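S.K.: Pasting protein_22.tsv here (TSV, N, CA and C atoms):
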chain	number	residue	atom	x	y	z
A	91	GLN	N	-21.86	5.82	5.45
A	91	GLN	CA	-23.16	6.06	6.04
A	91	GLN	C	-23.02	6.47	7.49
A	92	VAL	N	-23.86	7.37	7.90
A	92	VAL	CA	-23.93	7.81	9.30
A	92	VAL	C	-25.37	7.64	9.77
A	93	GLN	N	-25.54	6.97	10.87
A	93	GLN	CA	-26.86	6.83	11.48
A	93	GLN	C	-27.00	7.87	12.58
A	94	LEU	N	-28.09	8.63	12.52
A	94	LEU	CA	-28.38	9.65	13.52
A	94	LEU	C	-29.62	9.26	14.30
A	95	ALA	N	-29.56	9.41	15.61
A	95	ALA	CA	-30.70	9.03	16.46
A	95	ALA	C	-31.01	10.15	17.43
A	96	GLU	N	-32.20	10.73	17.25
A	96	GLU	CA	-32.64	11.80	18.15
A	96	GLU	C	-33.33	11.22	19.38
A	97	SER	N	-33.28	11.99	20.46
A	97	SER	CA	-34.01	11.65	21.68
A	97	SER	C	-34.25	12.94	22.46
A	98	GLY	N	-35.10	12.85	23.47
A	98	GLY	CA	-35.32	13.97	24.36
A	98	GLY	C	-36.61	14.73	24.15
A	99	GLY	N	-37.37	14.37	23.13
A	99	GLY	CA	-38.65	15.04	22.93
A	99	GLY	C	-39.66	14.65	23.98
A	100	GLY	N	-40.79	15.34	23.98
A	100	GLY	CA	-41.83	15.04	24.94
A	100	GLY	C	-42.91	16.10	24.92
A	101	SER	N	-43.82	15.99	25.88
A	101	SER	CA	-44.91	16.95	26.03
A	101	SER	C	-44.62	17.86	27.20
A	102	VAL	N	-44.67	19.15	26.97
A	102	VAL	CA	-44.37	20.12	28.02
A	102	VAL	C	-45.38	21.26	27.97
A	103	GLN	N	-45.47	21.97	29.06
A	103	GLN	CA	-46.34	23.14	29.12
A	103	GLN	C	-45.61	24.36	28.57
A	104	PRO	N	-46.36	25.34	28.11
A	104	PRO	CA	-45.72	26.58	27.65
A	104	PRO	C	-44.81	27.16	28.73
A	105	GLY	N	-43.66	27.65	28.29
A	105	GLY	CA	-42.68	28.17	29.23
A	105	GLY	C	-41.67	27.15	29.70
A	106	GLY	N	-41.92	25.89	29.41
A	106	GLY	CA	-41.01	24.83	29.83
A	106	GLY	C	-39.79	24.73	28.94
A	107	SER	N	-38.96	23.75	29.26
A	107	SER	CA	-37.71	23.55	28.52
A	107	SER	C	-37.52	22.08	28.20
A	108	LEU	N	-36.79	21.84	27.14
A	108	LEU	CA	-36.40	20.49	26.76
A	108	LEU	C	-34.98	20.52	26.21
A	109	ARG	N	-34.28	19.41	26.32
A	109	ARG	CA	-32.97	19.26	25.70
A	109	ARG	C	-33.01	18.06	24.77
A	110	LEU	N	-32.91	18.33	23.50
A	110	LEU	CA	-32.89	17.27	22.51
A	110	LEU	C	-31.46	16.83	22.26
A	111	SER	N	-31.29	15.54	21.99
A	111	SER	CA	-29.98	14.99	21.68
A	111	SER	C	-30.02	14.27	20.34
A	112	CYS	N	-28.88	14.23	19.69
A	112	CYS	CA	-28.75	13.52	18.42
A	112	CYS	C	-27.41	12.80	18.44
A	113	ALA	N	-27.46	11.49	18.55
A	113	ALA	CA	-26.24	10.69	18.64
A	113	ALA	C	-25.90	10.09	17.28
A	114	ALA	N	-24.63	10.16	16.92
A	114	ALA	CA	-24.16	9.60	15.66
A	114	ALA	C	-23.31	8.36	15.93
A	115	ASP	N	-23.29	7.48	14.95
A	115	ASP	CA	-22.59	6.21	15.15
A	115	ASP	C	-21.23	6.17	14.47
A	116	ARG	N	-20.70	7.35	14.09
A	116	ARG	CA	-19.40	7.41	13.41
A	116	ARG	C	-18.51	8.45	14.07
A	117	ASP	N	-17.23	8.11	14.22
A	117	ASP	CA	-16.30	9.02	14.89
A	117	ASP	C	-15.99	10.26	14.06
A	118	PHE	N	-16.20	10.23	12.75
A	118	PHE	CA	-15.88	11.41	11.94
A	118	PHE	C	-17.04	12.40	11.90
A	119	TYR	N	-18.10	12.10	12.60
A	119	TYR	CA	-19.25	13.01	12.70
A	119	TYR	C	-18.86	14.42	13.14
A	120	PRO	N	-17.90	14.58	14.08
A	120	PRO	CA	-17.55	15.94	14.50
A	120	PRO	C	-17.07	16.83	13.36
A	121	ARG	N	-16.62	16.27	12.25
A	121	ARG	CA	-16.11	17.11	11.16
A	121	ARG	C	-17.25	17.69	10.31
A	122	TYR	N	-18.45	17.22	10.53
A	122	TYR	CA	-19.56	17.62	9.67
A	122	TYR	C	-20.24	18.88	10.16
A	123	TYR	N	-20.84	19.63	9.22
A	123	TYR	CA	-21.78	20.69	9.58
A	123	TYR	C	-23.06	20.00	10.04
A	124	LYS	N	-23.67	20.53	11.10
A	124	LYS	CA	-24.83	19.88	11.67
A	124	LYS	C	-25.94	20.88	11.95
A	125	ALA	N	-27.15	20.38	11.99
A	125	ALA	CA	-28.28	21.30	12.19
A	125	ALA	C	-29.47	20.57	12.78
A	126	TRP	N	-30.38	21.36	13.29
A	126	TRP	CA	-31.69	20.89	13.73
A	126	TRP	C	-32.74	21.54	12.83
A	127	PHE	N	-33.69	20.71	12.42
A	127	PHE	CA	-34.84	21.16	11.65
A	127	PHE	C	-36.10	20.74	12.41
A	128	ARG	N	-37.23	21.32	12.04
A	128	ARG	CA	-38.50	20.90	12.60
A	128	ARG	C	-39.58	20.98	11.55
A	129	GLN	N	-40.59	20.15	11.75
A	129	GLN	CA	-41.72	20.13	10.84
A	129	GLN	C	-43.01	19.98	11.62
A	130	ALA	N	-43.83	21.00	11.55
A	130	ALA	CA	-45.13	20.98	12.20
A	130	ALA	C	-46.16	20.37	11.25
A	131	PRO	N	-47.24	19.84	11.78
A	131	PRO	CA	-48.27	19.25	10.92
A	131	PRO	C	-48.78	20.24	9.88
A	132	GLY	N	-48.77	19.83	8.63
A	132	GLY	CA	-49.27	20.67	7.56
A	132	GLY	C	-48.32	21.74	7.10
A	133	LYS	N	-47.11	21.74	7.65
A	133	LYS	CA	-46.14	22.78	7.27
A	133	LYS	C	-44.88	22.15	6.71
A	134	GLU	N	-44.11	22.97	6.02
A	134	GLU	CA	-42.85	22.49	5.47
A	134	GLU	C	-41.79	22.39	6.58
A	135	ARG	N	-40.83	21.53	6.33
A	135	ARG	CA	-39.71	21.40	7.27
A	135	ARG	C	-38.88	22.68	7.20
A	136	GLU	N	-38.49	23.18	8.37
A	136	GLU	CA	-37.70	24.40	8.43
A	136	GLU	C	-36.49	24.21	9.33
A	137	GLY	N	-35.41	24.89	8.96
A	137	GLY	CA	-34.23	24.85	9.78
A	137	GLY	C	-34.35	25.81	10.95
A	138	VAL	N	-33.88	25.39	12.13
A	138	VAL	CA	-33.95	26.25	13.30
A	138	VAL	C	-32.58	26.62	13.84
A	139	ALA	N	-31.60	25.74	13.72
A	139	ALA	CA	-30.27	26.04	14.27
A	139	ALA	C	-29.24	25.16	13.58
A	140	SER	N	-28.05	25.71	13.43
A	140	SER	CA	-26.95	24.95	12.83
A	140	SER	C	-25.66	25.24	13.57
A	141	ILE	N	-24.69	24.34	13.39
A	141	ILE	CA	-23.39	24.51	14.02
A	141	ILE	C	-22.33	23.90	13.12
A	142	SER	N	-21.23	24.63	12.95
A	142	SER	CA	-20.14	24.12	12.14
A	142	SER	C	-19.25	23.21	12.98
A	143	SER	N	-18.33	22.54	12.33
A	143	SER	CA	-17.39	21.69	13.06
A	143	SER	C	-16.57	22.51	14.04
A	144	GLY	N	-16.35	23.77	13.72
A	144	GLY	CA	-15.58	24.65	14.60
A	144	GLY	C	-16.39	25.33	15.66
A	145	GLY	N	-17.71	25.11	15.64
A	145	GLY	CA	-18.56	25.65	16.70
A	145	GLY	C	-19.30	26.93	16.35
A	146	THR	N	-19.23	27.39	15.11
A	146	THR	CA	-19.98	28.58	14.71
A	146	THR	C	-21.46	28.23	14.60
A	147	THR	N	-22.30	29.00	15.27
A	147	THR	CA	-23.73	28.71	15.30
A	147	THR	C	-24.53	29.72	14.49
A	148	PHE	N	-25.70	29.28	14.09
A	148	PHE	CA	-26.61	30.14	13.32
A	148	PHE	C	-28.02	29.72	13.68
A	149	TYR	N	-28.90	30.71	13.84
A	149	TYR	CA	-30.27	30.43	14.27
A	149	TYR	C	-31.29	31.11	13.37
A	150	ALA	N	-32.43	30.47	13.25
A	150	ALA	CA	-33.55	31.11	12.60
A	150	ALA	C	-34.06	32.24	13.50
A	151	ASP	N	-34.57	33.28	12.89
A	151	ASP	CA	-35.05	34.43	13.66
A	151	ASP	C	-36.15	34.03	14.65
A	152	SER	N	-36.94	33.04	14.27
A	152	SER	CA	-38.09	32.66	15.09
A	152	SER	C	-37.68	32.02	16.41
A	153	VAL	N	-36.45	31.53	16.51
A	153	VAL	CA	-36.03	30.83	17.72
A	153	VAL	C	-34.84	31.48	18.41
A	154	ASN	N	-34.28	32.50	17.78
A	154	ASN	CA	-33.09	33.12	18.32
A	154	ASN	C	-33.34	33.65	19.73
A	155	GLY	N	-32.46	33.28	20.63
A	155	GLY	CA	-32.60	33.69	22.02
A	155	GLY	C	-33.26	32.65	22.89
A	156	ARG	N	-33.97	31.70	22.28
A	156	ARG	CA	-34.63	30.64	23.06
A	156	ARG	C	-34.00	29.27	22.83
A	157	PHE	N	-33.42	29.05	21.67
A	157	PHE	CA	-32.81	27.77	21.33
A	157	PHE	C	-31.28	27.92	21.37
A	158	VAL	N	-30.63	26.87	21.86
A	158	VAL	CA	-29.17	26.86	21.88
A	158	VAL	C	-28.68	25.52	21.33
A	159	ILE	N	-27.93	25.57	20.26
A	159	ILE	CA	-27.36	24.36	19.66
A	159	ILE	C	-25.93	24.19	20.17
A	160	SER	N	-25.56	22.95	20.45
A	160	SER	CA	-24.21	22.68	20.92
A	160	SER	C	-23.83	21.27	20.50
A	161	GLN	N	-22.56	20.94	20.67
A	161	GLN	CA	-22.09	19.61	20.29
A	161	GLN	C	-21.02	19.14	21.26
A	162	ASP	N	-20.99	17.85	21.47
A	162	ASP	CA	-19.94	17.21	22.27
A	162	ASP	C	-19.23	16.24	21.34
A	163	ASN	N	-18.09	16.66	20.84
A	163	ASN	CA	-17.39	15.86	19.84
A	163	ASN	C	-16.86	14.55	20.42
A	164	ASP	N	-16.57	14.53	21.70
A	164	ASP	CA	-16.09	13.29	22.33
A	164	ASP	C	-17.18	12.23	22.35
A	165	LYS	N	-18.43	12.67	22.40
A	165	LYS	CA	-19.56	11.75	22.46
A	165	LYS	C	-20.28	11.62	21.12
A	166	ASN	N	-19.77	12.29	20.09
A	166	ASN	CA	-20.44	12.27	18.77
A	166	ASN	C	-21.91	12.65	18.91
A	167	THR	N	-22.20	13.66	19.69
A	167	THR	CA	-23.59	14.01	19.99
A	167	THR	C	-23.83	15.50	19.78
A	168	LEU	N	-24.97	15.78	19.18
A	168	LEU	CA	-25.46	17.13	18.95
A	168	LEU	C	-26.62	17.39	19.90
A	169	TYR	N	-26.74	18.62	20.38
A	169	TYR	CA	-27.80	18.96	21.32
A	169	TYR	C	-28.58	20.18	20.83
A	170	LEU	N	-29.81	20.26	21.31
A	170	LEU	CA	-30.60	21.47	21.12
A	170	LEU	C	-31.33	21.74	22.42
A	171	GLN	N	-30.93	22.78	23.11
A	171	GLN	CA	-31.62	23.23	24.32
A	171	GLN	C	-32.72	24.18	23.90
A	172	ILE	N	-33.94	23.86	24.29
A	172	ILE	CA	-35.09	24.67	23.91
A	172	ILE	C	-35.70	25.25	25.19
A	173	ASN	N	-35.70	26.55	25.29
A	173	ASN	CA	-36.22	27.23	26.48
A	173	ASN	C	-37.46	28.04	26.15
A	174	ASN	N	-38.24	28.34	27.18
A	174	ASN	CA	-39.45	29.15	27.02
A	174	ASN	C	-40.29	28.62	25.85
A	175	LEU	N	-40.61	27.34	25.90
A	175	LEU	CA	-41.34	26.72	24.81
A	175	LEU	C	-42.71	27.36	24.62
A	176	LYS	N	-43.09	27.46	23.35
A	176	LYS	CA	-44.37	28.04	22.96
A	176	LYS	C	-45.18	27.00	22.18
A	177	PRO	N	-46.49	27.11	22.18
A	177	PRO	CA	-47.29	26.14	21.41
A	177	PRO	C	-46.86	26.05	19.95
A	178	GLU	N	-46.40	27.14	19.38
A	178	GLU	CA	-45.97	27.11	17.97
A	178	GLU	C	-44.65	26.37	17.76
A	179	ASP	N	-44.01	25.95	18.84
A	179	ASP	CA	-42.81	25.12	18.73
A	179	ASP	C	-43.17	23.65	18.56
A	180	THR	N	-44.43	23.31	18.68
A	180	THR	CA	-44.88	21.93	18.52
A	180	THR	C	-44.54	21.44	17.11
A	181	ALA	N	-43.76	20.35	17.05
A	181	ALA	CA	-43.30	19.84	15.76
A	181	ALA	C	-42.49	18.57	15.99
A	182	MET	N	-42.21	17.88	14.91
A	182	MET	CA	-41.22	16.82	14.92
A	182	MET	C	-39.87	17.48	14.67
A	183	TYR	N	-38.92	17.20	15.52
A	183	TYR	CA	-37.59	17.79	15.39
A	183	TYR	C	-36.61	16.76	14.85
A	184	TYR	N	-35.85	17.17	13.85
A	184	TYR	CA	-34.90	16.30	13.18
A	184	TYR	C	-33.48	16.88	13.26
A	185	CYS	N	-32.52	16.00	13.46
A	185	CYS	CA	-31.14	16.44	13.31
A	185	CYS	C	-30.65	16.03	11.93
A	186	ALA	N	-29.67	16.78	11.45
A	186	ALA	CA	-29.14	16.53	10.12
A	186	ALA	C	-27.64	16.80	10.12
A	187	ALA	N	-26.95	16.15	9.19
A	187	ALA	CA	-25.51	16.33	9.08
A	187	ALA	C	-25.13	16.43	7.60
A	188	ASP	N	-24.10	17.20	7.35
A	188	ASP	CA	-23.61	17.44	6.00
A	188	ASP	C	-22.19	16.91	5.88
A	189	SER	N	-22.02	15.85	5.10
A	189	SER	CA	-20.68	15.30	4.90
A	189	SER	C	-20.05	15.74	3.58
A	190	LEU	N	-20.80	16.55	2.82
A	190	LEU	CA	-20.36	16.92	1.48
A	190	LEU	C	-19.99	18.40	1.34
A	191	ALA	N	-19.91	19.09	2.46
A	191	ALA	CA	-19.54	20.51	2.48
A	191	ALA	C	-20.50	21.37	1.67
A	192	ASN	N	-21.79	21.07	1.78
A	192	ASN	CA	-22.81	21.84	1.06
A	192	ASN	C	-23.54	22.85	1.92
A	193	ALA	N	-23.45	22.69	3.23
A	193	ALA	CA	-24.32	23.47	4.12
A	193	ALA	C	-23.80	24.85	4.48
A	194	ALA	N	-22.51	25.05	4.44
A	194	ALA	CA	-21.92	26.26	5.03
A	194	ALA	C	-22.47	27.55	4.41
A	195	GLY	N	-22.75	27.56	3.12
A	195	GLY	CA	-23.21	28.79	2.49
A	195	GLY	C	-24.60	29.21	2.89
A	196	ASN	N	-25.42	28.26	3.27
A	196	ASN	CA	-26.79	28.53	3.71
A	196	ASN	C	-27.16	27.45	4.70
A	197	PRO	N	-26.74	27.61	5.93
A	197	PRO	CA	-26.77	26.50	6.89
A	197	PRO	C	-28.15	26.03	7.34
A	198	LEU	N	-29.22	26.71	6.99
A	198	LEU	CA	-30.55	26.24	7.35
A	198	LEU	C	-31.34	25.77	6.13
A	199	ARG	N	-30.62	25.53	5.05
A	199	ARG	CA	-31.28	25.02	3.85
A	199	ARG	C	-31.32	23.50	3.89
A	200	ILE	N	-32.50	22.95	3.67
A	200	ILE	CA	-32.67	21.49	3.78
A	200	ILE	C	-31.72	20.77	2.83
A	201	GLY	N	-31.56	21.28	1.63
A	201	GLY	CA	-30.75	20.61	0.63
A	201	GLY	C	-29.28	20.53	0.94
A	202	GLY	N	-28.84	21.24	1.96
A	202	GLY	CA	-27.43	21.20	2.32
A	202	GLY	C	-27.03	19.99	3.14
A	203	TYR	N	-27.99	19.16	3.49
A	203	TYR	CA	-27.72	18.04	4.42
A	203	TYR	C	-28.06	16.72	3.76
A	204	ASN	N	-27.17	15.75	3.94
A	204	ASN	CA	-27.39	14.45	3.31
A	204	ASN	C	-27.62	13.32	4.30
A	205	TYR	N	-27.54	13.60	5.59
A	205	TYR	CA	-27.88	12.59	6.60
A	205	TYR	C	-28.94	13.17	7.52
A	206	TRP	N	-29.95	12.33	7.82
A	206	TRP	CA	-31.07	12.77	8.64
A	206	TRP	C	-31.42	11.70	9.66
A	207	GLY	N	-31.85	12.15	10.84
A	207	GLY	CA	-32.39	11.24	11.82
A	207	GLY	C	-33.88	11.01	11.58
A	208	GLN	N	-34.48	10.18	12.44
A	208	GLN	CA	-35.89	9.83	12.30
A	208	GLN	C	-36.82	10.82	12.98
A	209	GLY	N	-36.28	11.65	13.83
A	209	GLY	CA	-37.09	12.69	14.47
A	209	GLY	C	-37.51	12.35	15.88
A	210	THR	N	-37.76	13.40	16.65
A	210	THR	CA	-38.29	13.27	17.99
A	210	THR	C	-39.38	14.33	18.15
A	211	GLN	N	-40.53	13.92	18.72
A	211	GLN	CA	-41.69	14.80	18.77
A	211	GLN	C	-41.64	15.72	19.98
A	212	VAL	N	-41.90	17.00	19.74
A	212	VAL	CA	-42.04	17.98	20.81
A	212	VAL	C	-43.45	18.54	20.74
A	213	THR	N	-44.17	18.44	21.85
A	213	THR	CA	-45.54	18.95	21.91
A	213	THR	C	-45.64	19.93	23.07
A	214	VAL	N	-46.11	21.12	22.79
A	214	VAL	CA	-46.23	22.17	23.79
A	214	VAL	C	-47.70	22.55	23.93
A	215	SER	N	-48.26	22.26	25.08
A	215	SER	CA	-49.66	22.60	25.30
A	215	SER	C	-49.93	22.69	26.79
A	216	SER	N	-50.99	23.42	27.12
A	216	SER	CA	-51.35	23.56	28.53
A	216	SER	C	-52.49	22.62	28.87
Would you mind writing the file's structure down as structure tokens?
M.R.:
Amino acid sequence: QVQLAESGGGSVQPGGSLRLSCAADRDFYPRYYKAWFRQAPGKEREGVASISSGGTTFYADSVNGRFVISQDNDKNTLYLQINNLKPEDTAMYYCAADSLANAAGNPLRIGGYNYWGQGTQVTVSS
């Protein structure tokens, strides 16, 4: 079992930035494929960014250029830097990890991940 804990969400104005963090409680976490998902009220959960153990990143078209996913393997922590926030970015953001090698073929597919955090809320409004 791996416990994931997100932090860093909050309320910001349009154009602002946030850095989300996801800390894992296991040292083998760096070997996993990892991703960030979000779910807005009334909408399905969607993948926004993923990163392989080797550092290969992939982004949804809707966030490409504004979101940056990264990882610090020494700290067992995943990050999501969100820039130029828009009201449509308002959502609960979740980190996820794949310990079963299911995610690589389609890294933003929900079913590819077997560990999930509880989420951190991001609200963008003026």
S.K.: Might you pull out every residue within 6.5 Å of A:Tyr119, with all atoms listed in the file counted and same-chain residues fewer than 3 positions away left off, and present them as a PyMOL selection string?
M.R.: chain A and resi 116+122+166
S.K.: Could you list, as a VMD selection string, every residue within 6 Å of stretch 125-130 of chain A, counting only N, CA and C atoms and ignoring same-chain residues fewer than 5 positions away?
M.R.: chain A and resid 135 to 141 180 to 187
S.K.: Would you mind listing what lies within 10 Å of A:Ala113 as a list in words, with only C-alpha atoms counted and same-chain residues fewer than 5 positions away left out?
M.R.: Gln93, Leu94, Ala95, Glu96, Ser97, Tyr119, Gln161, Asp162, Lys165, Asn166, Thr167, Leu168, Tyr169, Cys185 and Gly207 of chain A
S.K.: Go ahead and save the residues from that selection, with N, CA and C atoms, as a compact mmCIF listing (two decimals), in the coordinates of the input.
M.R.:
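Saved result, result-v9.txt, follows:
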# COMPACT_ATOMS: atom_id res chain seq x y z
N GLN A 93 -25.54 6.97 10.87
CA GLN A 93 -26.86 6.83 11.48
C GLN A 93 -27.00 7.87 12.58
N LEU A 94 -28.09 8.63 12.52
CA LEU A 94 -28.38 9.65 13.52
C LEU A 94 -29.62 9.26 14.30
N ALA A 95 -29.56 9.41 15.61
CA ALA A 95 -30.70 9.03 16.46
C ALA A 95 -31.01 10.15 17.43
N GLU A 96 -32.20 10.73 17.25
CA GLU A 96 -32.64 11.80 18.15
C GLU A 96 -33.33 11.22 19.38
N SER A 97 -33.28 11.99 20.46
CA SER A 97 -34.01 11.65 21.68
C SER A 97 -34.25 12.94 22.46
N TYR A 119 -18.10 12.10 12.60
CA TYR A 119 -19.25 13.01 12.70
C TYR A 119 -18.86 14.42 13.14
N GLN A 161 -22.56 20.94 20.67
CA GLN A 161 -22.09 19.61 20.29
C GLN A 161 -21.02 19.14 21.26
N ASP A 162 -20.99 17.85 21.47
CA ASP A 162 -19.94 17.21 22.27
C ASP A 162 -19.23 16.24 21.34
N LYS A 165 -18.43 12.67 22.40
CA LYS A 165 -19.56 11.75 22.46
C LYS A 165 -20.28 11.62 21.12
N ASN A 166 -19.77 12.29 20.09
CA ASN A 166 -20.44 12.27 18.77
C ASN A 166 -21.91 12.65 18.91
N THR A 167 -22.20 13.66 19.69
CA THR A 167 -23.59 14.01 19.99
C THR A 167 -23.83 15.50 19.78
N LEU A 168 -24.97 15.78 19.18
CA LEU A 168 -25.46 17.13 18.95
C LEU A 168 -26.62 17.39 19.90
N TYR A 169 -26.74 18.62 20.38
CA TYR A 169 -27.80 18.96 21.32
C TYR A 169 -28.58 20.18 20.83
N CYS A 185 -32.52 16.00 13.46
CA CYS A 185 -31.14 16.44 13.31
C CYS A 185 -30.65 16.03 11.93
N GLY A 207 -31.85 12.15 10.84
CA GLY A 207 -32.39 11.24 11.82
C GLY A 207 -33.88 11.01 11.58
S.K.: Kindly give the distance, in Å, that separates atom CA of A:Asn192 and atom CA of A:Val158, rounded to a single decimal.
M.R.: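 Interatomic distance here is 22.3 Å.
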S.K.: Any idea what the distance is between atom N of A:Gly144 and atom C of A:Arg121?
M.R.: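 If I compute the distance from atom N of A:Gly144 to atom C of A:Arg121, I get 7.0 Å.
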S.K.: Could you tell me how far atom C of A:Pro120 sits from atom C of A:Ala191, in Å to one decimal place?
M.R.: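 Separating atom C of A:Ala191 from atom C of A:Pro120 is a distance of 13.0 Å.
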S.K.: Write out as a list in words the residues lying within 6.5 Å of A:Ser215, counting only N, CA and C atoms and excluding same-chain residues fewer than 2 positions away.
M.R.: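 Everything that qualifies: Ser101, Val102, Gln103, Pro104, Lys176, Pro177 and Thr213 of chain A.
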S.K.: Any idea what's packed within 6.5 Å of A:Leu170, counting all atoms listed in the file, ignoring anything in its chain fewer than 3 positions away? Could you give it as a ChimeraX atom specification?
M.R.: /A:108-112,157-160
S.K.: Any chance you could export the current selection's N, CA and C atoms as an mmCIF file, in the coordinates of the input?
M.R.:
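Just written: selection09.cif:
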data_model
loop_
_atom_site.group_PDB
_atom_site.id
_atom_site.type_symbol
_atom_site.label_atom_id
_atom_site.label_comp_id
_atom_site.auth_asym_id
_atom_site.auth_seq_id
_atom_site.Cartn_x
_atom_site.Cartn_y
_atom_site.Cartn_z
ATOM 1 N N LEU A 108 -36.790 21.840 27.140
ATOM 2 C CA LEU A 108 -36.400 20.490 26.760
ATOM 3 C C LEU A 108 -34.980 20.520 26.210
ATOM 4 N N ARG A 109 -34.280 19.410 26.320
ATOM 5 C CA ARG A 109 -32.970 19.260 25.700
ATOM 6 C C ARG A 109 -33.010 18.060 24.770
ATOM 7 N N LEU A 110 -32.910 18.330 23.500
ATOM 8 C CA LEU A 110 -32.890 17.270 22.510
ATOM 9 C C LEU A 110 -31.460 16.830 22.260
ATOM 10 N N SER A 111 -31.290 15.540 21.990
ATOM 11 C CA SER A 111 -29.980 14.990 21.680
ATOM 12 C C SER A 111 -30.020 14.270 20.340
ATOM 13 N N CYS A 112 -28.880 14.230 19.690
ATOM 14 C CA CYS A 112 -28.750 13.520 18.420
ATOM 15 C C CYS A 112 -27.410 12.800 18.440
ATOM 16 N N PHE A 157 -33.420 29.050 21.670
ATOM 17 C CA PHE A 157 -32.810 27.770 21.330
ATOM 18 C C PHE A 157 -31.280 27.920 21.370
ATOM 19 N N VAL A 158 -30.630 26.870 21.860
ATOM 20 C CA VAL A 158 -29.170 26.860 21.880
ATOM 21 C C VAL A 158 -28.680 25.520 21.330
ATOM 22 N N ILE A 159 -27.930 25.570 20.260
ATOM 23 C CA ILE A 159 -27.360 24.360 19.660
ATOM 24 C C ILE A 159 -25.930 24.190 20.170
ATOM 25 N N SER A 160 -25.560 22.950 20.450
ATOM 26 C CA SER A 160 -24.210 22.680 20.920
ATOM 27 C C SER A 160 -23.830 21.270 20.500
#
S.K.: Counting only C-alpha atoms, which of A:Gln91, A:Thr147, A:Ser152, A:Asn204 gets nearest to A:Glu178?
M.R.: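 Checking each candidate against A:Glu178, we get A:Ser152 as the closest.
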S.K.: Looking at only C-alpha atoms, which of A:Asn196, A:Gln208, A:Asn154, A:Thr146 is the one that sits closest to A:Ile172?
M.R.: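 The shortest atom-to-atom distance to A:Ile172 comes from A:Asn154.
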S.K.: Identify all residues of stretch 91-210 of chain A in strand (DSSP E) (DSSP on the backbone) and supply them as a VMD selection string.
M.R.: chain A and resid 94 to 97 100 to 102 108 to 114 123 to 129 136 to 141 147 to 149 157 to 162 167 to 172 181 to 188 205 to 206 210
S.K.: Assuming 8 Å of padding per side, give the centre and edge lengths of the axis-aligned box around every listed atom of stretch 183-195 of chain A, in Å to one decimal and as JSON.
M.R.:
{"center_x": -29.2, "center_y": 22.3, "center_z": 8.3, "size_x": 35.4, "size_y": 29.9, "size_z": 30.5}
S.K.: So which one's closest to A:Gly105, A:Leu198, A:Ser189, A:Ser216, A:Asn174? Using only C-alpha atoms, please.
M.R.: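 Ranked by minimum distance to A:Gly105, first place goes to A:Asn174.
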S.K.: With distances taken over all atoms listed in the file, which of A:Arg156, A:Val214, A:Tyr203, A:Tyr149 is nearest to A:Asp179?
M.R.: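 The closest residue to A:Asp179 is A:Val214.
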